[in-house]
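K.L.:
My file is protein20.pdb. It has PDB, C-alpha atoms and all ligand atoms:
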ATOM      1  CA  MET S 143     -14.147   7.677   3.554  1.00  0.00           C
ATOM      2  CA  HIS S 144     -11.593   6.873   0.893  1.00  0.00           C
ATOM      3  CA  GLU S 145      -9.974   4.065   2.885  1.00  0.00           C
ATOM      4  CA  LEU S 146     -13.225   2.127   3.235  1.00  0.00           C
ATOM      5  CA  SER S 147     -13.677   1.526  -0.487  1.00  0.00           C
ATOM      6  CA  ILE S 148     -10.041   0.472  -0.780  1.00  0.00           C
ATOM      7  CA  VAL S 149     -10.531  -1.989   2.065  1.00  0.00           C
ATOM      8  CA  ALA S 150     -13.655  -3.333   0.339  1.00  0.00           C
ATOM      9  CA  ASN S 151     -11.605  -3.880  -2.821  1.00  0.00           C
ATOM     10  CA  LEU S 152      -8.869  -5.565  -0.857  1.00  0.00           C
ATOM     11  CA  PHE S 153     -11.337  -8.020   0.642  1.00  0.00           C
ATOM     12  CA  GLU S 154     -12.640  -8.945  -2.795  1.00  0.00           C
ATOM     13  CA  ILE S 155      -9.094  -9.894  -3.742  1.00  0.00           C
ATOM     14  CA  LEU S 156      -8.568 -11.801  -0.486  1.00  0.00           C
ATOM     15  CA  GLU S 157     -11.816 -13.784  -0.843  1.00  0.00           C
ATOM     16  CA  ARG S 158     -10.923 -14.689  -4.418  1.00  0.00           C
ATOM     17  CA  GLU S 159      -7.402 -15.708  -3.448  1.00  0.00           C
ATOM     18  CA  ALA S 160      -8.634 -17.897  -0.584  1.00  0.00           C
ATOM     19  CA  LYS S 161     -11.146 -19.594  -2.880  1.00  0.00           C
ATOM     20  CA  GLU S 162      -8.546 -20.290  -5.563  1.00  0.00           C
ATOM     21  CA  LYS S 163      -6.077 -21.744  -3.076  1.00  0.00           C
ATOM     22  CA  LYS S 164      -8.877 -23.596  -1.250  1.00  0.00           C
ATOM     23  CA  ALA S 165      -7.761 -21.982   1.994  1.00  0.00           C
ATOM     24  CA  LYS S 166      -9.759 -22.222   5.215  1.00  0.00           C
ATOM     25  CA  LYS S 167      -8.654 -18.799   6.300  1.00  0.00           C
ATOM     26  CA  ILE S 168      -6.209 -15.981   5.817  1.00  0.00           C
ATOM     27  CA  THR S 169      -3.787 -15.607   8.704  1.00  0.00           C
ATOM     28  CA  ALA S 170      -1.740 -12.584   7.705  1.00  0.00           C
ATOM     29  CA  ILE S 171      -1.419 -10.008   5.000  1.00  0.00           C
ATOM     30  CA  LYS S 172       1.275  -7.480   4.275  1.00  0.00           C
ATOM     31  CA  LEU S 173       0.656  -4.244   2.431  1.00  0.00           C
ATOM     32  CA  GLN S 174       2.898  -1.566   1.045  1.00  0.00           C
ATOM     33  CA  ILE S 175       1.379   1.870   1.264  1.00  0.00           C
ATOM     34  CA  GLY S 176       3.121   4.706  -0.498  1.00  0.00           C
ATOM     35  CA  GLN S 177       3.720   7.779   1.613  1.00  0.00           C
ATOM     36  CA  LEU S 178       1.965   9.893  -0.997  1.00  0.00           C
ATOM     37  CA  SER S 179      -0.704   7.383  -1.977  1.00  0.00           C
ATOM     38  CA  GLY S 180      -3.356   9.468  -0.204  1.00  0.00           C
ATOM     39  CA  ILE S 181      -4.095   6.602   2.185  1.00  0.00           C
ATOM     40  CA  VAL S 182      -3.863   7.180   5.925  1.00  0.00           C
ATOM     41  CA  PRO S 183      -2.464   3.958   7.416  1.00  0.00           C
ATOM     42  CA  GLU S 184      -4.284   4.386  10.771  1.00  0.00           C
ATOM     43  CA  LEU S 185      -7.640   4.861   9.038  1.00  0.00           C
ATOM     44  CA  PHE S 186      -6.896   1.981   6.736  1.00  0.00           C
ATOM     45  CA  ARG S 187      -6.073  -0.254   9.680  1.00  0.00           C
ATOM     46  CA  SER S 188      -9.244   0.578  11.612  1.00  0.00           C
ATOM     47  CA  ALA S 189     -11.371   0.078   8.486  1.00  0.00           C
ATOM     48  CA  PHE S 190      -9.650  -3.266   8.001  1.00  0.00           C
ATOM     49  CA  GLU S 191     -10.351  -4.356  11.597  1.00  0.00           C
ATOM     50  CA  ILE S 192     -14.065  -3.531  11.221  1.00  0.00           C
ATOM     51  CA  TYR S 193     -14.396  -5.075   7.791  1.00  0.00           C
ATOM     52  CA  LYS S 194     -12.586  -8.349   8.473  1.00  0.00           C
ATOM     53  CA  LYS S 195     -15.234  -9.720  10.850  1.00  0.00           C
ATOM     54  CA  GLU S 196     -17.324 -12.489   9.280  1.00  0.00           C
ATOM     55  CA  THR S 197     -14.838 -12.841   6.424  1.00  0.00           C
ATOM     56  CA  VAL S 198     -12.201 -15.403   5.527  1.00  0.00           C
ATOM     57  CA  ALA S 199      -9.665 -12.961   7.009  1.00  0.00           C
ATOM     58  CA  ALA S 200     -11.345 -12.594  10.411  1.00  0.00           C
ATOM     59  CA  ASP S 201      -8.178 -13.588  12.286  1.00  0.00           C
ATOM     60  CA  ALA S 202      -5.707 -12.040   9.872  1.00  0.00           C
ATOM     61  CA  GLU S 203      -2.859  -9.893  11.060  1.00  0.00           C
ATOM     62  CA  LEU S 204      -2.326  -6.762   9.033  1.00  0.00           C
ATOM     63  CA  GLU S 205       1.167  -5.499   8.503  1.00  0.00           C
ATOM     64  CA  ILE S 206       1.742  -2.187   6.781  1.00  0.00           C
ATOM     65  CA  ASP S 207       4.984  -1.038   5.224  1.00  0.00           C
ATOM     66  CA  ILE S 208       5.216   2.634   4.430  1.00  0.00           C
ATOM     67  CA  VAL S 209       7.043   3.250   1.170  1.00  0.00           C
ATOM     68  CA  PRO S 210       8.810   6.624   0.997  1.00  0.00           C
ATOM     69  CA  PHE S 211       8.176   8.849  -1.985  1.00  0.00           C
ATOM     70  CA  LYS S 212      11.287   8.603  -4.151  1.00  0.00           C
ATOM     71  CA  VAL S 213      12.046  10.557  -7.274  1.00  0.00           C
ATOM     72  CA  LYS S 214      14.877  10.715  -9.770  1.00  0.00           C
ATOM     73  CA  CYS S 215      16.132  13.818 -11.524  1.00  0.00           C
ATOM     74  CA  GLN S 216      16.277  13.201 -15.251  1.00  0.00           C
ATOM     75  CA  LYS S 217      18.927  15.872 -15.658  1.00  0.00           C
ATOM     76  CA  CYS S 218      21.616  15.039 -13.079  1.00  0.00           C
ATOM     77  CA  LYS S 219      20.329  11.497 -12.300  1.00  0.00           C
ATOM     78  CA  THR S 220      20.169  12.113  -8.539  1.00  0.00           C
ATOM     79  CA  GLU S 221      17.695   9.992  -6.602  1.00  0.00           C
ATOM     80  CA  MET S 222      16.054  11.622  -3.593  1.00  0.00           C
ATOM     81  CA  THR S 223      13.232  11.134  -1.108  1.00  0.00           C
ATOM     82  CA  LYS S 224      10.521  13.783  -1.067  1.00  0.00           C
ATOM     83  CA  GLU S 225       8.122  14.698   1.714  1.00  0.00           C
ATOM     84  CA  ASP S 226       5.675  16.427  -0.613  1.00  0.00           C
ATOM     85  CA  PHE S 227       4.803  16.975  -4.258  1.00  0.00           C
ATOM     86  CA  ILE S 228       7.222  19.851  -4.791  1.00  0.00           C
ATOM     87  CA  LEU S 229       9.043  18.317  -7.662  1.00  0.00           C
ATOM     88  CA  THR S 230      12.304  20.116  -8.130  1.00  0.00           C
ATOM     89  CA  CYS S 231      15.719  18.548  -7.847  1.00  0.00           C
ATOM     90  CA  ASP S 232      17.603  19.152  -4.576  1.00  0.00           C
ATOM     91  CA  GLN S 233      20.885  19.082  -6.467  1.00  0.00           C
ATOM     92  CA  CYS S 234      20.437  21.071  -9.680  1.00  0.00           C
ATOM     93  CA  GLY S 235      16.990  22.646  -9.321  1.00  0.00           C
ATOM     94  CA  SER S 236      15.651  20.999 -12.482  1.00  0.00           C
ATOM     95  CA  ASN S 237      11.958  20.130 -12.556  1.00  0.00           C
ATOM     96  CA  ASP S 238      12.490  17.234 -14.942  1.00  0.00           C
ATOM     97  CA  ILE S 239      11.656  14.745 -12.208  1.00  0.00           C
ATOM     98  CA  LYS S 240      10.340  11.225 -12.478  1.00  0.00           C
ATOM     99  CA  SER S 241       8.625   9.500  -9.556  1.00  0.00           C
ATOM    100  CA  LEU S 242       9.984   6.050  -8.743  1.00  0.00           C
ATOM    101  CA  CYS S 243       7.796   4.870  -5.883  1.00  0.00           C
ATOM    102  CA  GLY S 244       5.686   6.106  -2.983  1.00  0.00           C
ATOM    103  CA  THR S 245       2.285   6.631  -4.590  1.00  0.00           C
ATOM    104  CA  GLU S 246       1.223   3.005  -4.718  1.00  0.00           C
ATOM    105  CA  LEU S 247      -0.807   0.553  -2.722  1.00  0.00           C
ATOM    106  CA  LEU S 248       0.578  -2.936  -3.054  1.00  0.00           C
ATOM    107  CA  LEU S 249      -0.578  -6.218  -1.629  1.00  0.00           C
ATOM    108  CA  GLU S 250       2.781  -7.748  -0.869  1.00  0.00           C
ATOM    109  CA  THR S 251       1.998 -11.100   0.732  1.00  0.00           C
ATOM    110  CA  ILE S 252      -0.990 -13.150   1.801  1.00  0.00           C
ATOM    111  CA  GLU S 253      -0.556 -16.002   4.275  1.00  0.00           C
ATOM    112  CA  LEU S 254      -3.176 -18.693   4.017  1.00  0.00           C
ATOM    113  CA  GLU S 255      -4.138 -21.678   6.071  1.00  0.00           C
ATOM    114  CA  THR S 256      -5.462 -24.628   4.125  1.00  0.00           C
TER     115      THR S 256
HETATM  116 ZN    ZN M 301      19.037  17.303 -10.726  1.00  0.00          ZN
END
I need this file expressed as structure tokens, please.
Ligand SMILES: [Zn+2]

P.N.:
Amino acid sequence: MHELSIVANLFEILEREAKEKKAKKITAIKLQIGQLSGIVPELFRSAFEIYKKETVAADAELEIDIVPFKVKCQKCKTEMTKEDFILTCDQCGSNDIKSLCGTELLLETIELET
């Protein structure tokens, strides 16, 4: 499962962060998951809940923000939200489209208890 290796990576970052800040534990984390990042938030959440046991984030609350997939037409400069990867402009039909956000996974905040 794709989500599991991402969660494993996330925990490496969390453990490192807690060590650096000399924190006793992590109480909350907030993630931004792009709508087209390929990550299923429900799967990610259940992987997180399983993985967090016995770690510094055992009591951490996970908050997930879904970031819509936004693109900008390079021709008419219209910004629009897309539900899929069909990259043509809604306004002028151009396919000179640049993605702005919605494919990322971002660790937004980590709350620590020292
Ligand atoms: Zn356009």

K.L.:
Work out how far CA of Glu246 in chain S is from CA of Ser179 in chain S, in Å to one decimal.

P.N.:
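These two atoms are separated by 5.5 Å.
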
K.L.:
Please, which residues have at least one atom within 9 Å of an atom of ligand ZN 301 (chain M), using all atoms listed in the file, listed as a list of chain:residue names?

P.N.:
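Result of the 9 Å neighbour search around ligand ZN 301 (chain M): S:Lys214, S:Cys215, S:Gln216, S:Lys217, S:Cys218, S:Lys219, S:Thr220, S:Glu221, S:Thr230, S:Cys231, S:Asp232, S:Gln233, S:Cys234, S:Gly235, S:Ser236, S:Asn237, S:Asp238, S:Ile239.
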
K.L.:
I need the output of the PyMOL selection byres (((chain S and resi 157) around 12) and not hetatm) for this file as a count of residues only; which residues are they?

P.N.:
26

K.L.:
Using 7 Å as the limit and counting all atoms listed in the file, can you tabulate each residue of range 169-214 of chain S that touches range 143-147 of chain S, with its shortest atom-to-atom distance in Å and the two atoms involved, as a Markdown table?

P.N.:
| residue | atom | partner | partner_atom | distance |
| --- | --- | --- | --- | --- |
| S:Ile181 | CA | S:Glu145 | CA | 6.4 |
| S:Leu185 | CA | S:Glu145 | CA | 6.6 |
| S:Phe186 | CA | S:Glu145 | CA | 5.4 |
| S:Ala189 | CA | S:Leu146 | CA | 5.9 |

K.L.:
Return the single residue from S:Leu229, S:Leu204, S:Val209, S:Val182 that is closest to Thr245 in chain S, with distances computed using only C-alpha atoms.

P.N.:
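Closest candidate: S:Val209.
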
K.L.:
What is the CA of Glu253 in chain S-CA of Glu203 in chain S distance in Å, reported with one decimal?

P.N.:
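So the two atoms, CA of Glu253 in chain S and CA of Glu203 in chain S, lie 9.4 Å apart.
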
K.L.:
Just give me the gap between CA of Asp201 in chain S and CA of Leu178 in chain S in Å, one decimal is fine.

P.N.:
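If I compute the distance from CA of Asp201 in chain S to CA of Leu178 in chain S, I get 28.8 Å.
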
K.L.:
May I ask which of the residues S:Ile192, S:Ala202, S:Cys243, S:Ile148 is the closest one to Ala170 in chain S, counting all atoms listed in the file?

P.N.:
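Ranking S:Ile192, S:Ala202, S:Cys243, S:Ile148 by distance to Ala170 in chain S, first place goes to S:Ala202.
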
K.L.:
Considering only C-alpha atoms, can you say which of S:Ser241, S:Gln177, S:Ile171, S:Ile228 comes closest to Val213 in chain S?

P.N.:
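Closest candidate: S:Ser241.
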
K.L.:
Go ahead and fit an axis-aligned box to every listed atom of range 164-171 of chain S plus 8 Å each side, and pass me the centre and edge lengths in Å, one decimal, as AutoDock Vina command-line options.

P.N.:
--center_x -5.6 --center_y -16.8 --center_z 3.7 --size_x 24.3 --size_y 29.6 --size_z 26.0

K.L.:
For a quick check of understanding, using all atoms listed in the file, which of S:Glu184, S:Gly244, S:Glu205, S:Thr223 has the smallest distance to Thr169 in chain S?

P.N.:
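Counting all atoms listed in the file, the residue closest to Thr169 in chain S is S:Glu205.
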
K.L.:
Between S:Lys240, S:Arg187, S:Gly176, S:Lys195, which is the closest to Phe211 in chain S once you count only C-alpha atoms?

P.N.:
S:Gly176

K.L.:
Place N, CA and C atoms on range 192-214 of chain S and deliver the coordinates as a JSON list (two decimals), in the coordinates of the input.

P.N.:
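Below is the file that was written, selection-v9.json:
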[["chain", "number", "residue", "atom", "x", "y", "z"],
["S", 192, "ILE", "N", -12.60, -3.48, 11.22],
["S", 192, "ILE", "CA", -14.06, -3.53, 11.22],
["S", 192, "ILE", "C", -14.55, -4.49, 10.13],
["S", 193, "TYR", "N", -13.93, -4.35, 8.97],
["S", 193, "TYR", "CA", -14.40, -5.08, 7.79],
["S", 193, "TYR", "C", -14.13, -6.58, 7.87],
["S", 194, "LYS", "N", -13.03, -6.95, 8.53],
["S", 194, "LYS", "CA", -12.59, -8.35, 8.47],
["S", 194, "LYS", "C", -13.50, -9.34, 9.21],
["S", 195, "LYS", "N", -14.32, -8.85, 10.14],
["S", 195, "LYS", "CA", -15.23, -9.72, 10.85],
["S", 195, "LYS", "C", -16.16, -10.42, 9.86],
["S", 196, "GLU", "N", -16.43, -11.70, 10.15],
["S", 196, "GLU", "CA", -17.32, -12.49, 9.28],
["S", 196, "GLU", "C", -16.73, -12.76, 7.90],
["S", 197, "THR", "N", -15.45, -12.50, 7.71],
["S", 197, "THR", "CA", -14.84, -12.84, 6.42],
["S", 197, "THR", "C", -13.80, -13.93, 6.63],
["S", 198, "VAL", "N", -13.23, -14.37, 5.52],
["S", 198, "VAL", "CA", -12.20, -15.40, 5.53],
["S", 198, "VAL", "C", -10.93, -14.89, 6.22],
["S", 199, "ALA", "N", -10.84, -13.57, 6.38],
["S", 199, "ALA", "CA", -9.66, -12.96, 7.01],
["S", 199, "ALA", "C", -9.94, -12.46, 8.43],
["S", 200, "ALA", "N", -10.94, -13.08, 9.09],
["S", 200, "ALA", "CA", -11.34, -12.59, 10.41],
["S", 200, "ALA", "C", -10.23, -12.58, 11.45],
["S", 201, "ASP", "N", -9.28, -13.54, 11.32],
["S", 201, "ASP", "CA", -8.18, -13.59, 12.29],
["S", 201, "ASP", "C", -6.86, -13.06, 11.71],
["S", 202, "ALA", "N", -6.95, -12.44, 10.56],
["S", 202, "ALA", "CA", -5.71, -12.04, 9.87],
["S", 202, "ALA", "C", -5.01, -10.87, 10.56],
["S", 203, "GLU", "N", -3.70, -10.99, 10.59],
["S", 203, "GLU", "CA", -2.86, -9.89, 11.06],
["S", 203, "GLU", "C", -2.54, -9.00, 9.87],
["S", 204, "LEU", "N", -2.65, -7.70, 10.11],
["S", 204, "LEU", "CA", -2.33, -6.76, 9.03],
["S", 204, "LEU", "C", -1.01, -6.07, 9.33],
["S", 205, "GLU", "N", -0.10, -6.20, 8.37],
["S", 205, "GLU", "CA", 1.17, -5.50, 8.50],
["S", 205, "GLU", "C", 1.27, -4.45, 7.40],
["S", 206, "ILE", "N", 1.66, -3.26, 7.78],
["S", 206, "ILE", "CA", 1.74, -2.19, 6.78],
["S", 206, "ILE", "C", 3.17, -1.65, 6.70],
["S", 207, "ASP", "N", 3.68, -1.65, 5.50],
["S", 207, "ASP", "CA", 4.98, -1.04, 5.22],
["S", 207, "ASP", "C", 4.76, 0.30, 4.55],
["S", 208, "ILE", "N", 5.34, 1.34, 5.08],
["S", 208, "ILE", "CA", 5.22, 2.63, 4.43],
["S", 208, "ILE", "C", 6.38, 2.81, 3.44],
["S", 209, "VAL", "N", 6.03, 3.07, 2.20],
["S", 209, "VAL", "CA", 7.04, 3.25, 1.17],
["S", 209, "VAL", "C", 7.30, 4.75, 0.98],
["S", 210, "PRO", "N", 8.53, 5.19, 1.18],
["S", 210, "PRO", "CA", 8.81, 6.62, 1.00],
["S", 210, "PRO", "C", 8.65, 7.05, -0.46],
["S", 211, "PHE", "N", 8.34, 8.31, -0.64],
["S", 211, "PHE", "CA", 8.18, 8.85, -1.98],
["S", 211, "PHE", "C", 9.55, 9.17, -2.55],
["S", 212, "LYS", "N", 9.97, 8.42, -3.56],
["S", 212, "LYS", "CA", 11.29, 8.60, -4.15],
["S", 212, "LYS", "C", 11.17, 9.11, -5.58],
["S", 213, "VAL", "N", 12.03, 10.02, -5.91],
["S", 213, "VAL", "CA", 12.05, 10.56, -7.27],
["S", 213, "VAL", "C", 13.47, 10.54, -7.82],
["S", 214, "LYS", "N", 13.56, 10.65, -9.14],
["S", 214, "LYS", "CA", 14.88, 10.72, -9.77],
["S", 214, "LYS", "C", 14.91, 11.90, -10.73]]
